[in-house]
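Visitor: Pasting a structure here, questions to come.
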Amino acid sequence: MNLTWPTKITLRTVALAYLFILLVLPLIIILWRTFGEGLGAFVESITTPAAISALQLSLIIVAIVVPVNVIFGIVTALALVRGRFPGRTLVQGIVDLPFAVSPVVVGVALILLWGANGWFGGLESAGFKVIFGLPGMVIATIFVTLPFVVREVEPVLHEIGDDQEQAAATLGASGWQTFWRITLPAIRWGLTYGVVLTVARALGEFGAVIMVSSALPGKSQTLTLLVHGRYINDHNTFGAYSAATLLMGIALVTLLFMTLLERKRGAK
């Protein structure tokens, strides 16, 4: 479709205005509120014991969630692409379930399962606390980030096919040798992209985590919960903006890394 020059300019202006109002302007306001009192005040706000603990807890959750989702994602993607089994369509739907279900609903479901009066509440009686502790926050984050590795690796497996894998098997390679020397190198870019998306989603998760966390500063408060707690409970707007800026900075680094990976993958 050929568009006239005035039409192109109008469409570009509308698109840029839309992005500016919804994305750029709120970020500018947050940065202005954050650094309005100076860089020193910002550094002081994000180096409090509560802020450091929140950052450490967020990174611990990411460090646990990413390996779990990598293993699950690769196995599931291989099963969906290479396997033919009853219920395959059902598995496809389950993988996409976190995209459709509200994270708050996920949190409620976890409470019904792992809470003191839940189906697996006996674990808490035995001294293993899931809800309002780190295990519950990890489980909630695993659920909401579950699809990313699967959905990034699956199309790559479709694209590369299984000719090289079959050739390796014909030459006597074992299943593990075929995976490590052929399959894994072939899917590395899709896998890396899925890991980056998982990290970004895990760092920014709020709805599911707040339902299964006590949100106590220094104990079970992630960065997103720190922003919420400072703004709503403590009425510390500057502290909330500072924590939000820290979270935004981490997200920006993740986004830049993802962009570099995309360019490098496109250059291959």
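Each chain in the structure tokens gets a letter, A, B and so on, in the order shown; residues start at 1 in every chain, and ligands are counted from 1 in the order they appear.
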Report as number ranges by chain all protein, DNA and RNA residues lying within 12 Å of segment 90-100 of chain A, evaluated on only C-alpha atoms, omitting residues in the same chain fewer than 4 positions from it.
Guide: A: 69, 72-73, 76-77, 79-81, 83-86, 104-107, 140-151, 154, 201, 208
Visitor: Mind writing the picked residues with C-alpha atoms as a CSV table (one decimal), in the first residue's frame?
Guide:
chain,number,residue,atom,x,y,z
A,69,ASN,CA,12.8,-22.6,33.8
A,72,PHE,CA,11.9,-27.2,32.1
A,73,GLY,CA,11.8,-25.0,29.0
A,76,THR,CA,9.2,-29.2,27.2
A,77,ALA,CA,10.1,-27.6,23.9
A,79,ALA,CA,8.8,-32.9,23.8
A,80,LEU,CA,6.4,-30.6,21.9
A,81,VAL,CA,8.5,-30.4,18.8
A,83,GLY,CA,7.5,-35.9,20.3
A,84,ARG,CA,4.1,-37.1,19.3
A,85,PHE,CA,2.1,-38.1,22.3
A,86,PRO,CA,-1.6,-38.0,23.5
A,104,VAL,CA,-3.2,-12.4,41.6
A,105,VAL,CA,-5.2,-15.5,40.8
A,106,VAL,CA,-2.0,-17.5,40.7
A,107,GLY,CA,-1.2,-16.2,44.2
A,140,ALA,CA,4.9,-17.9,42.1
A,141,THR,CA,7.7,-16.5,40.0
A,142,ILE,CA,8.4,-19.8,38.3
A,143,PHE,CA,4.7,-20.0,37.2
A,144,VAL,CA,4.5,-16.6,35.7
A,145,THR,CA,7.8,-16.9,33.8
A,146,LEU,CA,7.2,-20.5,32.7
A,147,PRO,CA,6.4,-19.9,29.0
A,148,PHE,CA,9.3,-17.7,28.0
A,149,VAL,CA,12.1,-20.3,27.4
A,150,VAL,CA,9.6,-22.8,25.9
A,151,ARG,CA,8.2,-20.2,23.4
A,154,GLU,CA,10.3,-24.1,20.2
A,201,ARG,CA,9.8,-10.8,34.1
A,208,ALA,CA,1.6,-13.2,42.3
Visitor: Could you pull the residues within 10 Å of Ala244 of chain A, counting only C-alpha atoms, minus those fewer than 2 positions along the same chain, as a ChimeraX atom specification?
Guide: /A:27,30-31,34,46,223-224,226-228,238-242,246-250
Visitor: What does the file look like for those residues with N, CA and C atoms, as a tab-separated table (two decimals), in the first residue's frame?
Guide:
chain	number	residue	atom	x	y	z
A	27	LEU	N	8.19	7.88	32.59
A	27	LEU	CA	9.57	7.63	32.99
A	27	LEU	C	10.30	8.93	33.29
A	30	ILE	N	9.22	10.08	36.74
A	30	ILE	CA	9.86	9.28	37.80
A	30	ILE	C	11.31	9.72	37.99
A	31	LEU	N	12.05	9.89	36.89
A	31	LEU	CA	13.44	10.31	36.99
A	31	LEU	C	13.56	11.71	37.58
A	34	THR	N	12.96	11.46	41.20
A	34	THR	CA	14.03	10.72	41.87
A	34	THR	C	15.26	11.58	42.09
A	46	ILE	N	18.66	4.11	48.09
A	46	ILE	CA	18.74	2.73	47.58
A	46	ILE	C	19.81	1.91	48.28
A	223	LEU	N	12.16	-6.00	45.27
A	223	LEU	CA	12.22	-4.61	44.84
A	223	LEU	C	10.84	-4.06	44.50
A	224	THR	N	10.04	-4.86	43.81
A	224	THR	CA	8.70	-4.38	43.47
A	224	THR	C	7.86	-4.17	44.72
A	226	LEU	N	9.08	-3.45	47.61
A	226	LEU	CA	9.66	-2.28	48.28
A	226	LEU	C	9.05	-0.99	47.74
A	227	VAL	N	8.90	-0.91	46.43
A	227	VAL	CA	8.26	0.27	45.83
A	227	VAL	C	6.84	0.44	46.36
A	228	HIS	N	6.11	-0.66	46.38
A	228	HIS	CA	4.72	-0.62	46.87
A	228	HIS	C	4.68	-0.24	48.35
A	238	PHE	N	9.50	9.70	47.78
A	238	PHE	CA	10.85	9.78	47.23
A	238	PHE	C	11.54	8.42	47.27
A	239	GLY	N	11.38	7.70	48.38
A	239	GLY	CA	11.96	6.38	48.47
A	239	GLY	C	11.37	5.42	47.45
A	240	ALA	N	10.06	5.55	47.21
A	240	ALA	CA	9.41	4.71	46.21
A	240	ALA	C	9.93	5.01	44.82
A	241	TYR	N	10.09	6.30	44.50
A	241	TYR	CA	10.61	6.68	43.19
A	241	TYR	C	12.05	6.20	43.02
A	242	SER	N	12.84	6.26	44.09
A	242	SER	CA	14.23	5.81	44.01
A	242	SER	C	14.31	4.31	43.76
A	246	LEU	N	15.78	2.33	40.48
A	246	LEU	CA	16.74	1.22	40.54
A	246	LEU	C	16.22	0.02	39.76
A	247	LEU	N	14.96	-0.30	39.96
A	247	LEU	CA	14.35	-1.42	39.23
A	247	LEU	C	14.32	-1.14	37.73
A	248	MET	N	14.03	0.12	37.38
A	248	MET	CA	14.00	0.49	35.98
A	248	MET	C	15.39	0.41	35.35
A	249	GLY	N	16.41	0.77	36.13
A	249	GLY	CA	17.77	0.68	35.62
A	249	GLY	C	18.18	-0.75	35.32
A	250	ILE	N	17.82	-1.67	36.22
A	250	ILE	CA	18.11	-3.08	35.98
A	250	ILE	C	17.37	-3.58	34.75
Visitor: One number please: atom CA of Pro135 of chain A to atom CA of Leu110 of chain A, in Å, one decimal.
Guide: 10.9 Å
Visitor: Mind dumping a table of every segment 13-124 of chain A residue within 10 Å of segment 161-184 of chain A, with the nearest atom pair and its distance in Å to one decimal, using only C-alpha atoms, sorted by chain and rising number, as JSON lines?
Guide:
{"residue": "A:Ile74", "atom": "CA", "partner": "A:Leu184", "partner_atom": "CA", "distance": 9.1}
{"residue": "A:Leu78", "atom": "CA", "partner": "A:Thr183", "partner_atom": "CA", "distance": 9.7}
{"residue": "A:Val81", "atom": "CA", "partner": "A:Gly161", "partner_atom": "CA", "distance": 9.2}
{"residue": "A:Arg82", "atom": "CA", "partner": "A:Asp162", "partner_atom": "CA", "distance": 8.1}
Visitor: Please determine, counting only C-alpha atoms, which residue among A:Val68, A:Ser45, A:Lys129, A:Val209 has the shortest atom-to-atom distance to Asn236 of chain A.
Guide: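 That would be A:Ser45, the residue with the smallest distance to Asn236 of chain A.
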